[in-house]
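The structure file coords34.cif is reproduced below (mmCIF, C-alpha atoms).
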data_query
#
loop_
_atom_site.label_atom_id
_atom_site.label_comp_id
_atom_site.auth_asym_id
_atom_site.auth_seq_id
_atom_site.Cartn_x
_atom_site.Cartn_y
_atom_site.Cartn_z
CA MET A 19 207.63 30.22 140.72
CA GLY A 20 209.62 30.96 137.65
CA PRO A 21 209.78 28.63 134.69
CA GLY A 22 211.98 26.00 136.34
CA PHE A 23 215.03 26.51 134.18
CA GLY A 24 217.74 23.91 134.05
CA ARG A 25 220.09 24.49 136.94
CA PRO A 26 223.47 23.09 137.91
CA GLY A 27 223.61 21.24 141.19
CA ASP A 28 225.04 24.05 143.28
CA ASP A 29 222.17 23.97 145.76
CA PHE A 30 224.15 25.50 148.57
CA GLU A 31 225.27 28.42 146.44
CA ARG A 32 221.75 28.89 145.12
CA ARG A 33 220.20 28.74 148.58
CA GLU A 34 222.69 31.27 149.79
CA GLU A 35 222.19 33.53 146.77
CA LEU A 36 218.45 33.36 146.84
CA ASP A 37 218.12 33.76 150.54
CA TRP A 38 215.61 36.56 150.60
CA ASP A 39 213.43 35.22 153.36
CA ALA A 40 214.14 38.26 155.45
CA ASP A 41 213.16 40.62 152.65
CA PRO A 42 209.63 40.50 151.20
CA LEU A 43 210.46 42.60 148.14
CA PRO A 44 211.99 39.84 145.96
CA ASP A 45 208.89 37.71 146.58
CA LEU A 46 206.67 40.58 145.53
CA ILE A 47 208.73 41.11 142.40
CA ARG A 48 208.53 37.44 141.52
CA GLU A 49 204.77 37.36 142.06
CA CYS A 50 204.20 40.46 139.94
CA ILE A 51 206.25 39.18 137.01
CA GLU A 52 204.72 35.75 137.40
CA GLU A 53 201.27 37.31 137.07
CA ASP A 54 202.32 39.13 133.92
CA THR A 55 203.58 35.93 132.32
CA ARG A 56 200.78 33.65 133.46
CA GLY A 57 198.08 32.68 130.98
CA LEU A 58 200.19 33.48 127.93
CA VAL A 59 199.45 31.48 124.82
CA PHE A 60 202.23 30.75 122.37
CA PRO A 61 201.21 31.60 118.79
CA ASP A 62 200.67 28.31 116.95
CA ALA A 63 201.91 29.61 113.64
CA MET A 64 205.25 30.89 114.95
CA ALA A 65 207.31 27.80 114.11
CA ALA A 66 206.02 27.77 110.53
CA ARG A 67 206.55 31.52 110.24
CA VAL A 68 210.13 31.21 111.50
CA ILE A 69 210.95 28.36 109.12
CA HIS A 70 209.39 30.15 106.17
CA GLY A 71 211.10 33.48 106.93
CA SER A 72 214.46 31.90 107.66
CA ARG A 73 214.47 29.95 104.42
CA ALA A 74 213.95 33.13 102.47
CA ARG A 75 216.90 34.75 104.21
CA ARG A 76 219.16 31.74 104.61
CA PRO A 77 222.44 32.00 102.68
CA TRP A 78 222.99 29.13 100.30
CA GLY A 79 225.00 26.24 101.60
CA ALA A 80 227.90 24.54 99.93
CA THR A 81 225.68 22.01 98.11
CA HIS A 82 223.52 24.73 96.64
CA GLY A 83 226.62 26.68 95.67
CA ALA A 84 228.14 23.69 93.89
CA ALA A 85 224.88 23.00 92.08
CA VAL A 86 224.68 26.60 90.89
CA VAL A 87 228.28 26.56 89.64
CA ALA A 88 227.63 23.32 87.76
CA LEU A 89 224.44 24.71 86.29
CA ALA A 90 226.16 27.93 85.25
CA LEU A 91 228.97 26.01 83.54
CA THR A 92 226.51 23.76 81.72
CA ALA A 93 224.43 26.74 80.70
CA GLY A 94 227.55 28.55 79.52
CA VAL A 95 228.51 25.65 77.29
CA GLY A 96 224.93 25.52 75.99
CA VAL A 97 224.86 29.25 75.25
CA VAL A 98 228.14 29.11 73.35
CA GLY A 99 226.85 26.18 71.30
CA ALA A 100 223.49 27.81 70.71
CA ALA A 101 225.11 31.07 69.64
CA ALA A 102 226.88 29.18 66.89
CA VAL A 103 223.86 27.19 65.71
CA LEU A 104 220.73 29.30 66.36
CA PRO A 105 221.33 32.32 64.12
CA ALA A 106 221.03 30.03 61.15
CA LEU A 107 217.79 28.45 62.40
CA ARG A 108 215.99 31.49 63.85
CA PRO A 109 213.76 33.61 61.62
CA ALA A 110 214.90 37.24 61.53
CA GLU A 111 211.70 38.65 63.07
CA SER A 112 211.57 36.29 66.05
CA ARG A 113 212.15 37.73 69.52
CA PRO A 114 214.24 36.25 72.30
CA ALA A 115 212.29 33.67 74.34
CA VAL A 116 213.09 35.42 77.62
CA ALA A 117 211.06 38.46 76.61
CA ALA A 118 207.86 36.42 76.80
CA SER A 119 208.21 35.59 80.47
CA VAL A 120 209.08 39.18 81.37
CA THR A 121 206.04 40.41 79.48
CA ALA A 122 203.85 37.83 81.22
CA ALA A 123 205.04 38.94 84.68
CA ARG A 124 204.55 42.61 83.83
CA SER A 125 201.03 41.98 82.59
CA ALA A 126 199.85 40.19 85.75
CA PRO A 127 196.98 42.18 87.31
CA VAL A 128 198.13 44.43 90.13
CA ASP A 129 195.73 42.78 92.60
CA ARG A 130 197.48 39.46 92.03
CA LEU A 131 200.98 40.66 92.79
CA ILE A 132 200.95 39.92 96.51
CA GLU A 133 199.12 37.79 99.04
CA VAL A 134 198.45 38.94 102.56
CA GLY A 135 199.49 36.09 104.84
CA TYR A 136 198.92 37.64 108.25
CA VAL A 137 196.57 40.11 109.86
CA PRO A 138 196.18 40.56 113.62
CA PRO A 139 193.77 38.10 115.25
CA GLY A 140 190.18 39.32 115.11
CA TRP A 141 190.84 41.75 112.27
CA ARG A 142 188.81 41.64 109.08
CA ARG A 143 189.11 43.12 105.64
CA VAL A 144 186.71 46.01 105.12
CA SER A 145 185.97 47.99 102.01
CA ALA A 146 188.45 50.63 100.90
CA TRP A 147 186.76 53.05 98.56
CA TRP A 148 189.74 55.27 97.89
CA GLN A 149 192.56 54.44 95.52
CA GLU A 150 195.21 56.89 96.56
CA GLY A 151 198.37 56.49 98.53
CA PRO A 152 200.38 59.12 100.37
CA ALA A 153 200.78 62.34 98.41
CA GLY A 154 203.36 62.11 95.68
CA VAL A 155 204.29 58.45 96.02
CA SER A 156 201.26 56.65 94.56
CA PRO A 157 201.12 55.87 90.84
CA ALA A 158 200.51 58.57 88.28
CA GLU A 159 196.96 59.11 87.03
CA GLY A 160 195.78 56.08 85.11
CA GLY A 161 198.18 53.82 86.98
CA GLN A 162 196.54 50.88 88.72
CA MET A 163 196.64 50.47 92.46
CA TRP A 164 195.30 47.64 94.62
CA THR A 165 194.12 48.65 98.08
CA ALA A 166 193.04 46.49 101.00
CA GLN A 167 191.98 47.83 104.37
CA TYR A 168 191.83 45.83 107.60
CA ARG A 169 190.20 46.80 110.89
CA PRO A 170 189.56 45.03 114.20
CA GLN A 171 186.06 43.80 114.86
CA GLY A 172 184.39 46.02 117.42
CA GLY A 173 186.37 48.59 119.40
CA ASP A 174 185.93 52.31 119.03
CA ARG A 175 189.56 53.28 118.67
CA PRO A 176 190.72 54.27 115.20
CA ARG A 177 192.97 51.38 114.30
CA ARG A 178 193.54 50.17 110.80
CA VAL A 179 196.04 48.72 108.41
CA VAL A 180 196.02 49.64 104.75
CA ILE A 181 197.99 47.64 102.19
CA GLN A 182 198.50 49.09 98.73
CA VAL A 183 200.29 47.70 95.70
CA TRP A 184 201.12 49.45 92.47
CA ARG A 185 203.49 49.33 89.56
CA THR A 186 205.95 52.13 89.14
CA THR A 187 208.97 53.10 87.16
CA ARG A 188 210.42 54.95 90.14
CA GLY A 189 212.68 53.39 92.72
CA LEU A 190 212.45 53.55 96.49
CA GLU A 191 214.98 56.37 96.44
CA VAL A 192 212.36 58.66 94.93
CA VAL A 193 209.87 57.65 97.64
CA ARG A 194 212.50 58.36 100.27
CA ARG A 195 213.11 61.85 98.91
CA ILE A 196 209.38 62.65 98.72
CA GLU A 197 208.76 61.47 102.29
CA GLU A 198 211.85 63.28 103.54
CA ARG A 199 210.66 66.52 101.99
CA GLN A 200 207.45 66.13 103.98
CA GLY A 201 209.44 65.84 107.20
CA ALA A 202 209.19 62.09 107.76
CA ARG A 203 211.82 60.10 109.62
CA ILE A 204 213.10 57.27 107.50
CA ARG A 205 215.12 54.15 108.19
CA PRO A 206 216.02 51.15 106.07
CA TYR A 207 213.83 48.17 106.90
CA ARG A 208 215.00 44.56 106.69
CA VAL A 209 212.97 42.30 104.43
CA SER A 210 213.45 38.81 103.04
CA ALA A 211 213.38 39.95 99.42
CA GLY A 212 214.05 43.28 97.74
CA ARG A 213 214.40 46.50 99.73
CA ALA A 214 212.17 48.40 102.13
CA LEU A 215 211.95 51.64 104.08
CA LEU A 216 210.34 52.32 107.44
CA VAL A 217 208.77 55.76 107.46
CA ARG A 218 207.35 57.68 110.37
CA PRO A 219 205.45 60.56 108.78
CA ALA A 220 205.59 63.97 110.36
CA GLY A 221 202.45 65.01 112.18
CA TRP A 222 201.04 61.48 112.41
CA ALA A 223 202.31 60.18 115.70
CA ASP A 224 200.42 56.91 115.56
CA GLU A 225 201.18 56.02 111.96
CA VAL A 226 203.97 53.95 110.51
CA ARG A 227 204.53 53.16 106.85
CA VAL A 228 206.63 50.43 105.35
CA TYR A 229 207.44 50.83 101.66
CA TRP A 230 208.57 47.55 100.18
CA GLU A 231 210.02 47.04 96.74
CA PRO A 232 209.96 43.25 96.37
CA ARG A 233 211.35 43.64 92.88
CA GLU A 234 211.99 46.42 90.44
CA GLY A 235 208.82 48.07 89.22
CA VAL A 236 206.54 46.97 92.06
CA HIS A 237 205.88 48.94 95.24
CA VAL A 238 203.97 47.70 98.26
CA LEU A 239 202.94 50.04 101.05
CA VAL A 240 201.79 48.87 104.47
CA ARG A 241 200.32 51.68 106.60
CA GLY A 242 199.50 51.00 110.20
CA GLN A 243 197.47 53.55 112.13
CA GLY A 244 197.12 53.07 115.88
CA VAL A 245 198.72 49.65 115.49
CA PRO A 246 201.74 48.46 117.49
CA ASP A 247 205.00 48.27 115.54
CA ALA A 248 205.20 44.55 116.16
CA GLU A 249 201.92 43.92 114.36
CA VAL A 250 202.98 46.00 111.37
CA ARG A 251 206.21 44.01 111.19
CA ARG A 252 204.26 40.77 111.29
CA ILE A 253 201.98 41.91 108.49
CA VAL A 254 204.97 42.85 106.34
CA ALA A 255 206.64 39.52 107.12
CA GLY A 256 203.46 37.73 106.08
CA LEU A 257 203.28 39.31 102.62
CA ARG A 258 204.15 37.01 99.73
CA THR A 259 204.83 37.99 96.15
CA THR A 260 202.91 35.80 93.74
CA ALA A 261 203.64 37.01 90.22
CA MET B 21 213.69 13.38 112.13
CA ASN B 22 214.81 16.27 109.90
CA THR B 23 215.81 19.78 110.93
CA ASP B 24 212.38 21.29 110.40
CA GLU B 25 210.67 18.60 112.46
CA GLU B 26 213.24 18.86 115.24
CA PHE B 27 212.96 22.62 115.28
CA THR B 28 209.15 22.59 115.23
CA ARG B 29 209.16 20.15 118.13
CA PHE B 30 211.58 22.36 120.05
CA VAL B 31 209.34 25.39 119.46
CA GLU B 32 206.26 23.47 120.56
CA GLU B 33 207.97 22.29 123.74
CA ARG B 34 209.91 25.39 124.68
CA GLY B 35 208.19 28.25 122.88
CA LEU B 36 205.91 29.22 125.74
CA GLU B 37 208.78 29.21 128.22
CA LEU B 38 210.77 31.50 125.92
CA LEU B 39 207.79 33.79 125.44
CA ARG B 40 207.36 34.06 129.22
CA LEU B 41 211.02 34.96 129.59
CA ALA B 42 210.68 37.66 126.94
CA VAL B 43 207.54 39.07 128.59
CA ALA B 44 209.33 39.09 131.94
CA LEU B 45 212.23 41.03 130.45
CA THR B 46 210.25 43.50 128.34
CA GLY B 47 206.97 43.79 130.24
CA ASP B 48 205.22 43.95 126.87
CA ARG B 49 203.51 41.09 125.06
CA HIS B 50 203.89 42.45 121.52
CA GLN B 51 207.56 43.27 121.94
CA ALA B 52 208.10 39.89 123.54
CA GLU B 53 206.58 38.01 120.59
CA ASP B 54 208.80 39.95 118.24
CA VAL B 55 211.87 39.22 120.30
CA VAL B 56 211.06 35.50 120.50
CA GLN B 57 210.43 35.26 116.79
CA GLY B 58 213.79 36.91 116.06
CA ALA B 59 215.57 34.61 118.50
CA LEU B 60 213.95 31.54 116.96
CA GLU B 61 214.91 32.69 113.47
CA ARG B 62 218.53 32.99 114.56
CA LEU B 63 218.34 29.60 116.22
CA TYR B 64 216.80 27.97 113.16
CA GLY B 65 219.59 29.36 110.99
CA ARG B 66 222.20 27.70 113.21
CA TRP B 67 220.16 24.71 114.35
CA GLY B 68 222.63 22.04 113.22
CA LYS B 69 225.63 23.74 114.79
CA VAL B 70 223.85 24.65 118.02
CA THR B 71 222.39 21.19 118.60
CA ARG B 72 225.72 19.52 117.84
CA ARG B 73 227.86 21.78 120.00
CA GLY B 74 225.59 23.27 122.60
CA ASP B 75 222.21 23.67 124.15
CA PRO B 76 219.53 25.20 121.90
CA LEU B 77 217.47 26.35 124.87
CA TRP B 78 220.39 28.27 126.35
CA TYR B 79 221.17 29.71 122.91
CA ALA B 80 217.56 30.90 122.54
CA ARG B 81 217.52 32.45 126.04
CA ARG B 82 220.78 34.22 125.39
CA SER B 83 219.49 35.43 122.06
CA ILE B 84 216.36 36.82 123.75
CA VAL B 85 218.42 38.65 126.36
CA ASN B 86 220.62 40.14 123.64
CA ALA B 87 217.63 41.19 121.56
CA VAL B 88 215.95 42.91 124.51
CA ARG B 89 219.21 44.71 125.29
CA ASP B 90 219.61 45.79 121.66
CA ARG B 91 216.04 47.02 121.71
CA TRP B 92 216.45 49.29 124.68
CA ARG B 93 219.69 50.62 123.21
CA GLY B 94 217.78 51.31 120.01
CA GLU B 95 214.99 53.00 121.95
CA ARG B 96 217.54 55.32 123.54
CA ARG B 97 218.57 56.37 120.06
CA HIS B 98 215.04 56.38 118.63
CA PRO B 99 212.78 57.16 121.56
CA GLU B 100 209.64 57.49 119.45
CA VAL B 101 206.83 55.21 120.49
CA LEU B 102 204.25 54.14 118.01
CA GLY B 103 200.64 53.50 118.69
CA LEU B 104 198.61 53.18 121.77
CA PRO B 105 199.61 53.24 125.40
CA PRO B 106 200.09 49.79 126.92
CA GLU B 107 196.80 48.20 127.75
CA GLY B 108 195.91 47.29 131.29
CA HIS B 109 195.29 43.72 132.37
CA PRO B 110 191.99 43.85 134.25
CA GLU B 111 191.71 40.06 134.29
CA ARG B 112 194.85 39.53 136.32
CA ASP B 113 193.48 41.61 139.18
CA ALA B 114 190.13 39.92 139.28
CA TYR B 115 189.16 38.71 142.74
CA ALA B 116 192.45 39.84 144.33
CA PRO B 117 191.91 41.57 147.68
CA ILE B 118 192.20 45.33 147.32
CA ASP B 119 195.19 45.53 149.63
CA GLU B 120 197.20 43.00 147.61
CA MET B 121 196.16 44.60 144.39
CA LEU B 122 197.42 48.01 145.48
CA THR B 123 200.72 46.51 146.60
CA ARG B 124 201.19 44.65 143.33
CA ASP B 125 200.25 47.69 141.30
CA ALA B 126 202.80 49.77 143.14
CA VAL B 127 205.49 47.13 142.62
CA ARG B 128 204.57 46.75 138.95
CA ARG B 129 204.72 50.49 138.40
CA ALA B 130 208.06 50.66 140.17
CA LEU B 131 209.38 47.78 138.05
CA ASP B 132 208.25 49.51 134.87
CA GLU B 133 210.15 52.62 135.87
CA LEU B 134 213.42 50.80 136.51
CA PRO B 135 216.22 51.30 133.99
CA PRO B 136 216.02 48.37 131.52
CA ARG B 137 219.28 46.74 132.59
CA ARG B 138 218.25 46.71 136.23
CA ARG B 139 214.84 45.34 135.33
CA MET B 140 216.54 42.58 133.39
CA VAL B 141 218.80 41.63 136.29
CA ILE B 142 215.86 41.65 138.68
CA ALA B 143 213.68 39.55 136.38
CA LEU B 144 216.40 36.97 135.74
CA ARG B 145 217.41 36.73 139.39
CA TYR B 146 214.10 36.85 141.20
CA TRP B 147 211.65 35.53 138.64
CA GLY B 148 213.85 33.30 136.49
CA GLY B 149 215.72 31.98 139.51
CA TYR B 150 219.11 32.23 137.87
CA THR B 151 222.19 32.43 140.04
CA GLU B 152 224.36 35.52 139.86
CA ALA B 153 226.86 33.59 137.74
CA GLU B 154 224.16 32.39 135.31
CA THR B 155 222.69 35.88 135.07
CA ALA B 156 226.14 37.27 134.32
CA ARG B 157 226.69 34.67 131.59
CA LEU B 158 223.30 35.35 130.03
CA MET B 159 223.79 39.09 130.02
CA ASP B 160 227.47 38.94 129.15
CA ILE B 161 228.45 41.04 132.13
CA THR B 162 230.50 40.33 135.25
CA VAL B 163 229.13 38.82 138.45
CA GLY B 164 230.12 42.04 140.20
CA THR B 165 227.93 44.03 137.83
CA VAL B 166 225.01 41.67 138.45
CA LYS B 167 225.41 42.15 142.21
CA SER B 168 225.63 45.91 141.99
CA GLN B 169 222.73 46.19 139.52
CA ALA B 170 220.53 43.98 141.72
CA HIS B 171 221.50 45.97 144.80
CA HIS B 172 220.75 49.31 143.15
CA ALA B 173 217.53 47.99 141.62
CA LEU B 174 216.20 46.78 144.98
CA ARG B 175 217.15 50.04 146.64
CA GLU B 176 215.48 52.02 143.89
CA LEU B 177 212.35 49.88 144.07
CA ARG B 178 212.20 50.32 147.81
CA GLU B 179 212.52 54.07 147.51
CA ARG B 180 209.80 54.24 144.89
CA LEU B 181 207.49 52.08 146.97
CA GLU B 182 208.09 54.18 150.04
CA ARG B 183 207.39 57.32 148.08
CA ALA B 184 204.18 55.79 146.75
CA GLU B 185 203.17 54.75 150.25
CA ASN B 186 203.92 58.14 151.75
CA GLY B 187 202.11 59.78 148.88
CA GLY B 188 198.91 58.13 150.04
CA VAL B 189 198.68 55.65 147.19
CA ARG B 190 198.56 52.74 149.56
CA ASP B 191 196.83 53.83 152.71
CA GLY B 192 197.71 51.41 155.42
CA ALA B 193 199.01 48.67 153.16
CA GLY B 194 202.38 47.52 154.42
CA LEU B 195 205.06 46.10 152.17
CA ARG B 196 204.48 42.40 152.26
CA PRO B 197 204.18 39.69 149.66
CA ALA B 198 200.77 39.52 148.07
CA GLY B 199 198.70 36.48 148.87
CA ARG B 200 200.37 35.81 152.22
#

Give the structure from the file, written as structure tokens.
Amino acid sequence: MGPGFGRPGDDFERREELDWDADPLPDLIRECIEEDTRGLVFPDAMAARVIHGSRARRPWGATHGAAVVALALTAGVGVVGAAAVLPALRPAESRPAVAASVTAARSAPVDRLIEVGYVPPGWRRVSAWWQEGPAGVSPAEGGQMWTAQYRPQGGDRPRRVVIQVWRTTRGLEVVRRIEERQGARIRPYRVSAGRALLVRPAGWADEVRVYWEPREGVHVLVRGQGVPDAEVRRIVAGLRTTA
Amino acid sequence: MNTDEEFTRFVEERGLELLRLAVALTGDRHQAEDVVQGALERLYGRWGKVTRRGDPLWYARRSIVNAVRDRWRGERRHPEVLGLPPEGHPERDAYAPIDEMLTRDAVRRALDELPPRRRMVIALRYWGGYTEAETARLMDITVGTVKSQAHHALRELRERLERAENGGVRDGAGLRPAGR
């Protein structure tokens, strides 16, 4: 039988509607679909994944909004006061304090910029000896790139996921133009932070690329080859920026 | 109990049921997981409102139906398919008599070839056990459309099965429910 969904008490109507005793086809249909749905296992991590992803996307509520307004007003008053007092106290050669944190973030090693939170079950990280991305979009010579390659254990089909991260001064628009010139089909891709593009390169029927710009100056590329779209989406959703 | 705990409990209790519904509607495990995750994300975002004013399970089912419908509309616009052909399920046929297996295979193939909307009506009506009125509410269509889609779907399935039978796919296997 089906999943036993909650039903109103219209038994007569239901009996009448579902009266397919004379016709074996509905029973066959039910049995076939039942077989397809039997033995499924619900992914344990889905609730946590949903909560995590939703929080990142959730618009701020009224309380958050009020807190931000209050903070902004307080900060505004502080800035005005500081502007009047600080010039007299600050040595001429000192730099603004905010520059230090920006410099610290920029200097974080490229292999520490993201964490991979999800790979398909049974997949393992294997060595990736190359350090190049798709032609034209990877960093210029001398630029650092972090590459991780994942493959399923066993299996003779060529399936893999490659994740690459690099710093760049170019925006996603440049990537879009380069990929477009090479004949790729491109669509915007929804992410919890920053912007992303979904690219289906020309001539590679089983490949999909997601370029993600979590923040300005950092590009992340997820390339799935022979991997279902859904898995690529899960891998992208599982990426976390750390620095 | 806070929102996260309530929601996690709901997912633990109802997640599998929702996943089965999504698999029944899409016929594909990966797509189904994606659809369920999207539906749960929407539900989580409106958890307070939905639990106060309505039924979260119904909301999630409706959300799944909408997502599957949006997907097939999207596929019509972007028919490209990534990756590998759908994998078979050798385990589900294990130990089934050959006659039943052939019948089920023919029905499954015929179901896969149905237009998505008809497959959805058929799955909700005959697997989910929804009434015509409930199916119409879930799919946001009229009862008349449910009736006509179910009628056309059954006729189409019958024609496909007859063609398969006449084509020698099922030598001697009559159309009868498997396992009876």

Fill in: Picked residues, the PyMOL selection byres ((chain A and resi 64) around 12), expected as a ChimeraX atom specification
/A:59-63,65-72,136,252,255-256 /B:27-32,35-36,39,53-61

Specify as a PDB file with C-alpha atoms, keeping the file's coordinate frame each residue included when the PyMOL selection byres ((chain A and resi 204) around 7) is applied to this file.
ATOM      1  CA  ALA A 202     209.190  62.090 107.760  1.00  0.00           C
ATOM      2  CA  ARG A 203     211.820  60.100 109.620  1.00  0.00           C
ATOM      3  CA  ARG A 205     215.120  54.150 108.190  1.00  0.00           C
ATOM      4  CA  PRO A 206     216.020  51.150 106.070  1.00  0.00           C
ATOM      5  CA  LEU A 215     211.950  51.640 104.080  1.00  0.00           C
ATOM      6  CA  LEU A 216     210.340  52.320 107.440  1.00  0.00           C
ATOM      7  CA  VAL A 217     208.770  55.760 107.460  1.00  0.00           C
ATOM      8  CA  ARG A 218     207.350  57.680 110.370  1.00  0.00           C
TER       9      ARG A 218
END

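The coordinates place CA of Gly212 in chain A at 4.3 Å from CA of Pro232 in chain A.
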
Item to complete: Run the PyMOL selection byres ((chain B and resi 176) around 10) against the file shown and list the residues it catches, as number ranges by chain.
Response: B: 130-131, 133-135, 138, 170-175, 177-182

Same residues, C-alpha atoms, output as an mmCIF file, in the frame of the given file:
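Contents of the output file out_8.cif:
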data_model
loop_
_atom_site.group_PDB
_atom_site.id
_atom_site.type_symbol
_atom_site.label_atom_id
_atom_site.label_comp_id
_atom_site.auth_asym_id
_atom_site.auth_seq_id
_atom_site.Cartn_x
_atom_site.Cartn_y
_atom_site.Cartn_z
ATOM 1 C CA ALA B 130 208.060 50.660 140.170
ATOM 2 C CA LEU B 131 209.380 47.780 138.050
ATOM 3 C CA GLU B 133 210.150 52.620 135.870
ATOM 4 C CA LEU B 134 213.420 50.800 136.510
ATOM 5 C CA PRO B 135 216.220 51.300 133.990
ATOM 6 C CA ARG B 138 218.250 46.710 136.230
ATOM 7 C CA ALA B 170 220.530 43.980 141.720
ATOM 8 C CA HIS B 171 221.500 45.970 144.800
ATOM 9 C CA HIS B 172 220.750 49.310 143.150
ATOM 10 C CA ALA B 173 217.530 47.990 141.620
ATOM 11 C CA LEU B 174 216.200 46.780 144.980
ATOM 12 C CA ARG B 175 217.150 50.040 146.640
ATOM 13 C CA LEU B 177 212.350 49.880 144.070
ATOM 14 C CA ARG B 178 212.200 50.320 147.810
ATOM 15 C CA GLU B 179 212.520 54.070 147.510
ATOM 16 C CA ARG B 180 209.800 54.240 144.890
ATOM 17 C CA LEU B 181 207.490 52.080 146.970
ATOM 18 C CA GLU B 182 208.090 54.180 150.040
#

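Candidate residues A:Ser145, A:Gln182, A:Gln243, A:Gln171 were compared for distance to Glu133 in chain A, and the nearest is A:Gln182, using only C-alpha atoms.
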
Padding 5 Å on every side, please: axis-aligned box over the listed atoms of range 121-138 of chain B, centre and edge lengths to one decimal in Å, as AutoDock Vina command-line options.
--center_x 207.7 --center_y 48.6 --center_z 139.1 --size_x 33.1 --size_y 18.0 --size_z 25.1

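One distance worth recording is that between CA of Arg177 in chain A and CA of Ala220 in chain A, which is 18.3 Å.
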
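Considering all atoms listed in the file, the residue among B:Arg124, B:Tyr79, B:Leu45, B:Thr71 positioned nearest to Tyr146 in chain B is B:Leu45.
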
Practice prompt. Kindly indicate which residue among A:Ile253, A:Val155, A:Arg241, A:Asp224 lies nearest to chain B, using all atoms listed in the file for the distances.
Written response: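 Counting all atoms listed in the file, the residue closest to chain B is A:Asp224.
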
For range 180-194 of chain A, which lacks atoms in the input, supply N, CA and C atoms and format the output as a PDB file, in the coordinates of the input.
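Full text of part_16.pdb as output:
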ATOM      1  N   VAL A 180     196.337  49.539 106.170  1.00  0.00           N
ATOM      2  CA  VAL A 180     196.020  49.640 104.750  1.00  0.00           C
ATOM      3  C   VAL A 180     197.209  49.098 103.960  1.00  0.00           C
ATOM      4  N   ILE A 181     196.929  48.200 103.045  1.00  0.00           N
ATOM      5  CA  ILE A 181     197.990  47.640 102.190  1.00  0.00           C
ATOM      6  C   ILE A 181     197.700  48.064 100.760  1.00  0.00           C
ATOM      7  N   GLN A 182     198.692  48.634 100.103  1.00  0.00           N
ATOM      8  CA  GLN A 182     198.500  49.090  98.730  1.00  0.00           C
ATOM      9  C   GLN A 182     199.637  48.562  97.853  1.00  0.00           C
ATOM     10  N   VAL A 183     199.292  48.222  96.641  1.00  0.00           N
ATOM     11  CA  VAL A 183     200.290  47.700  95.700  1.00  0.00           C
ATOM     12  C   VAL A 183     200.122  48.429  94.377  1.00  0.00           C
ATOM     13  N   TRP A 184     201.207  48.830  93.782  1.00  0.00           N
ATOM     14  CA  TRP A 184     201.120  49.450  92.470  1.00  0.00           C
ATOM     15  C   TRP A 184     202.412  49.240  91.691  1.00  0.00           C
ATOM     16  N   ARG A 185     202.291  49.394  90.398  1.00  0.00           N
ATOM     17  CA  ARG A 185     203.490  49.330  89.560  1.00  0.00           C
ATOM     18  C   ARG A 185     204.044  50.736  89.406  1.00  0.00           C
ATOM     19  N   THR A 186     205.334  50.814  89.264  1.00  0.00           N
ATOM     20  CA  THR A 186     205.950  52.130  89.140  1.00  0.00           C
ATOM     21  C   THR A 186     207.265  52.006  88.393  1.00  0.00           C
ATOM     22  N   THR A 187     207.650  53.097  87.813  1.00  0.00           N
ATOM     23  CA  THR A 187     208.970  53.100  87.160  1.00  0.00           C
ATOM     24  C   THR A 187     209.986  53.771  88.071  1.00  0.00           C
ATOM     25  N   ARG A 188     209.503  54.264  89.232  1.00  0.00           N
ATOM     26  CA  ARG A 188     210.420  54.950  90.140  1.00  0.00           C
ATOM     27  C   ARG A 188     210.931  53.984  91.207  1.00  0.00           C
ATOM     28  N   GLY A 189     212.114  54.251  91.679  1.00  0.00           N
ATOM     29  CA  GLY A 189     212.680  53.390  92.720  1.00  0.00           C
ATOM     30  C   GLY A 189     212.313  53.887  94.106  1.00  0.00           C
ATOM     31  N   LEU A 190     212.744  53.154  95.108  1.00  0.00           N
ATOM     32  CA  LEU A 190     212.450  53.550  96.490  1.00  0.00           C
ATOM     33  C   LEU A 190     213.151  54.855  96.853  1.00  0.00           C
ATOM     34  N   GLU A 191     214.231  55.143  96.154  1.00  0.00           N
ATOM     35  CA  GLU A 191     214.980  56.370  96.440  1.00  0.00           C
ATOM     36  C   GLU A 191     214.100  57.606  96.254  1.00  0.00           C
ATOM     37  N   VAL A 192     213.257  57.535  95.203  1.00  0.00           N
ATOM     38  CA  VAL A 192     212.360  58.660  94.930  1.00  0.00           C
ATOM     39  C   VAL A 192     211.344  58.789  96.076  1.00  0.00           C
ATOM     40  N   VAL A 193     210.821  57.639  96.518  1.00  0.00           N
ATOM     41  CA  VAL A 193     209.870  57.650  97.640  1.00  0.00           C
ATOM     42  C   VAL A 193     210.549  58.256  98.867  1.00  0.00           C
ATOM     43  N   ARG A 194     211.781  57.848  99.096  1.00  0.00           N
ATOM     44  CA  ARG A 194     212.500  58.360 100.270  1.00  0.00           C
ATOM     45  C   ARG A 194     212.616  59.888 100.209  1.00  0.00           C
TER      46      ARG A 194
END
